[in-house]
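Q: Questions regarding the structure given below will be posed in turn.
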Amino acid sequence: MDRLPMLELFAGELRRLRVRAGLSQEALGEQINYSASLVAAVEQCRRPPREEFTERCDDVLQSDGLLGRIRDALIRESLMPWFREWVTIEQEATALRNFEPLVVPGLLQTEAYARALNEGASQFVGDEMEQQVAARLARQAVLARPTPPQLVVVLDYTVLERPVGGPKVMQEQLRHLLEVGRRPRVHLHVVPKGTGAYPGLNGAFVIATPPEGDDVAYLDNQLQGTIVERTVDVHSLRQTWESVRAEAIPHGATLTLISEAAESWT
């Protein structure tokens, strides 16, 4: 996964815009409230640009959002090749049905939770890990669209108990779940504690309904994700979804349960 060309493009455009504005690295740093050494590191491709840094540079350098657009492309390039196609499907979907037995789904993760997951379970480190976190958060823009997809998420209760990142991160994450769960087109459900074996325990999956055509699904594993398009396989996953959904408690009761779980992490 070679991100260097996009990093070089961002660095080159940042340098060009800075010089056009007649600013040194120090002067730009002062105006965007970042250090000159960080500006230099980004221009030398030693540090990837963070979102706030990029927005401030676009504003000060009056670039009409150019740097932000390059950073968006950089984030897309940082995704694993097999995941890029799914993200396109996800962004265009009119409905998403997501079951997750282990962790909070990516579309609902806080930055701290996503970083803790990557630190504990990812092969990425340093700046590469930060790009993965940024890419995950960028996907969440789909929920802020004027007409977002209908999102139905079923979580196993153990997701609320697993101490990803520690108590503070977990409390923030669960409070974020509550906030998102109160949006009109989001429905959250939890399979209650004490439930025995049920079909969903075979693994997480997502079913996406596109604007046109048949549903498409996504499965994740230790090596790479798989997009599922065969009618018979998608039908099988729909049946599993119905079985999983039947085990879960209603949306209102789920929000109460998540609220109680959040307070238990104090």
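Residues are referred to by chain and number: the chain letter is A, B, ... according to the order shown in the structure tokens, the number counts from 1 in that chain, and ligands are numbered separately from 1 in the order shown.
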Taking the DSSP secondary structure from the backbone, can you list the residues of range 51-225 of chain A that are alpha helix (DSSP H), as a ChimeraX atom specification?

A: /A:51-60,66-78,81-92,111-121,126-139,158-161,167-181

Q: Write out as a list in words which residues come within 8 Å of range 101-115 of chain A when counting only C-alpha atoms, dropping same-chain ones fewer than 5 positions away.

A: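 With the cut-off at 8 Å, the set is Met129, Glu130, Val133, Arg136, Leu137, Arg139, Gln140, Leu155, Asp156, Tyr157, Thr158, Val159, Arg162, Val164, Gly165, Val169, Met170, Glu172, Gln173, His176, Leu177, Val180, Gly200, Leu201, Gly203 and Ala204 of chain A.
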
Q: Do you have the CA of Gln150 in chain A-CA of Asp220 in chain A distance handy?

A: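 Calculated distance between CA of Gln150 in chain A and CA of Asp220 in chain A is 21.4 Å.
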
Q: Quick one: DSSP strand (DSSP E) residues in range 53-246 of chain A, as a ChimeraX atom specification?

A: /A:95-100,150-156,186-191,205-209,216-219,226-228

Q: With C-alpha atoms kept, could you save the residues just selected as a PDB file, in the first residue's frame?

A:
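The result, stored in result_33.pdb:
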```pdb
ATOM      1  CA  ALA A  95     -29.626   0.993   4.306  1.00  0.00           C
ATOM      2  CA  LEU A  96     -26.980  -0.836   6.336  1.00  0.00           C
ATOM      3  CA  ARG A  97     -27.594  -3.795   8.646  1.00  0.00           C
ATOM      4  CA  ASN A  98     -24.565  -4.512  10.813  1.00  0.00           C
ATOM      5  CA  PHE A  99     -23.954  -7.270  13.356  1.00  0.00           C
ATOM      6  CA  GLU A 100     -20.866  -7.078  15.559  1.00  0.00           C
ATOM      7  CA  GLN A 150     -30.952   3.710   7.595  1.00  0.00           C
ATOM      8  CA  LEU A 151     -28.476   2.094   9.985  1.00  0.00           C
ATOM      9  CA  VAL A 152     -29.528  -0.886  12.083  1.00  0.00           C
ATOM     10  CA  VAL A 153     -26.819  -2.277  14.351  1.00  0.00           C
ATOM     11  CA  VAL A 154     -26.957  -5.343  16.586  1.00  0.00           C
ATOM     12  CA  LEU A 155     -24.223  -5.704  19.189  1.00  0.00           C
ATOM     13  CA  ASP A 156     -23.469  -8.584  21.484  1.00  0.00           C
ATOM     14  CA  VAL A 186     -30.270   4.867  13.493  1.00  0.00           C
ATOM     15  CA  HIS A 187     -31.506   1.833  15.419  1.00  0.00           C
ATOM     16  CA  LEU A 188     -29.347   0.048  17.969  1.00  0.00           C
ATOM     17  CA  HIS A 189     -30.055  -3.363  19.486  1.00  0.00           C
ATOM     18  CA  VAL A 190     -28.135  -5.483  21.960  1.00  0.00           C
ATOM     19  CA  VAL A 191     -28.207  -9.244  22.360  1.00  0.00           C
ATOM     20  CA  PHE A 205     -21.080  -9.009   8.903  1.00  0.00           C
ATOM     21  CA  VAL A 206     -22.769  -6.067   7.197  1.00  0.00           C
ATOM     22  CA  ILE A 207     -25.553  -6.118   4.617  1.00  0.00           C
ATOM     23  CA  ALA A 208     -25.818  -3.026   2.411  1.00  0.00           C
ATOM     24  CA  THR A 209     -28.845  -2.078   0.319  1.00  0.00           C
ATOM     25  CA  VAL A 216     -24.366  -6.740  -1.025  1.00  0.00           C
ATOM     26  CA  ALA A 217     -22.653  -8.013   2.127  1.00  0.00           C
ATOM     27  CA  TYR A 218     -19.238  -7.768   3.743  1.00  0.00           C
ATOM     28  CA  LEU A 219     -17.428 -10.276   5.938  1.00  0.00           C
ATOM     29  CA  THR A 226     -14.665 -10.318   1.597  1.00  0.00           C
ATOM     30  CA  ILE A 227     -17.461  -8.708  -0.393  1.00  0.00           C
ATOM     31  CA  VAL A 228     -20.358 -11.146  -0.819  1.00  0.00           C
TER      32      VAL A 228
END
```

Q: So that I can see what lies close to Arg71 in chain A, please list as an mmCIF file with N, CA and C atoms, in the first residue's frame the residues with an atom at most 8 Å from it, counting only C-alpha atoms and leaving out residues fewer than 3 positions away in the same chain.

A:
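Generated file (around_11.cif):
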```cif
data_model
loop_
_atom_site.group_PDB
_atom_site.id
_atom_site.type_symbol
_atom_site.label_atom_id
_atom_site.label_comp_id
_atom_site.auth_asym_id
_atom_site.auth_seq_id
_atom_site.Cartn_x
_atom_site.Cartn_y
_atom_site.Cartn_z
ATOM 1 N N PHE A 10 0.402 16.258 -1.537
ATOM 2 C CA PHE A 10 -0.042 17.162 -0.472
ATOM 3 C C PHE A 10 1.096 18.096 -0.074
ATOM 4 N N PRO A 49 -0.663 14.707 7.186
ATOM 5 C CA PRO A 49 -1.445 15.852 7.668
ATOM 6 C C PRO A 49 -2.679 15.408 8.435
ATOM 7 N N THR A 54 -4.943 20.457 8.286
ATOM 8 C CA THR A 54 -5.310 20.672 6.888
ATOM 9 C C THR A 54 -6.346 21.774 6.758
ATOM 10 N N LEU A 67 -6.310 21.399 -0.224
ATOM 11 C CA LEU A 67 -5.558 20.483 0.639
ATOM 12 C C LEU A 67 -6.481 19.454 1.272
ATOM 13 N N GLY A 68 -7.700 19.863 1.614
ATOM 14 C CA GLY A 68 -8.655 18.923 2.174
ATOM 15 C C GLY A 68 -9.016 17.829 1.183
ATOM 16 N N LEU A 74 -5.851 10.891 0.010
ATOM 17 C CA LEU A 74 -4.797 10.196 0.747
ATOM 18 C C LEU A 74 -5.388 9.169 1.703
ATOM 19 N N ILE A 75 -6.468 9.551 2.364
ATOM 20 C CA ILE A 75 -7.132 8.629 3.287
ATOM 21 C C ILE A 75 -7.679 7.425 2.533
#
```

Q: Fewer than 5 positions away in the same chain doesn't count, so skip those; otherwise give me all residues within 9 Å of Glu43 in chain A, counting only C-alpha atoms, as a list in words.

A: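 With the cut-off at 9 Å, the set is Leu7, Glu8, Phe10, Ala11, Gly12, Glu13, Leu14, Arg15 and Leu38 of chain A.
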
Q: Those residues you just picked out, can you put them in a file as a PDB file, in the first residue's frame with C-alpha atoms?

A:
```pdb
ATOM      1  CA  LEU A   7       1.785  12.461   0.530  1.00  0.00           C
ATOM      2  CA  GLU A   8       4.195  14.066  -1.943  1.00  0.00           C
ATOM      3  CA  PHE A  10      -0.042  17.162  -0.472  1.00  0.00           C
ATOM      4  CA  ALA A  11       3.440  18.316   0.574  1.00  0.00           C
ATOM      5  CA  GLY A  12       4.116  19.930  -2.793  1.00  0.00           C
ATOM      6  CA  GLU A  13       0.815  21.783  -2.862  1.00  0.00           C
ATOM      7  CA  LEU A  14       1.236  22.952   0.737  1.00  0.00           C
ATOM      8  CA  ARG A  15       4.676  24.307  -0.113  1.00  0.00           C
ATOM      9  CA  LEU A  38       5.442  20.310  12.138  1.00  0.00           C
TER      10      LEU A  38
END
```
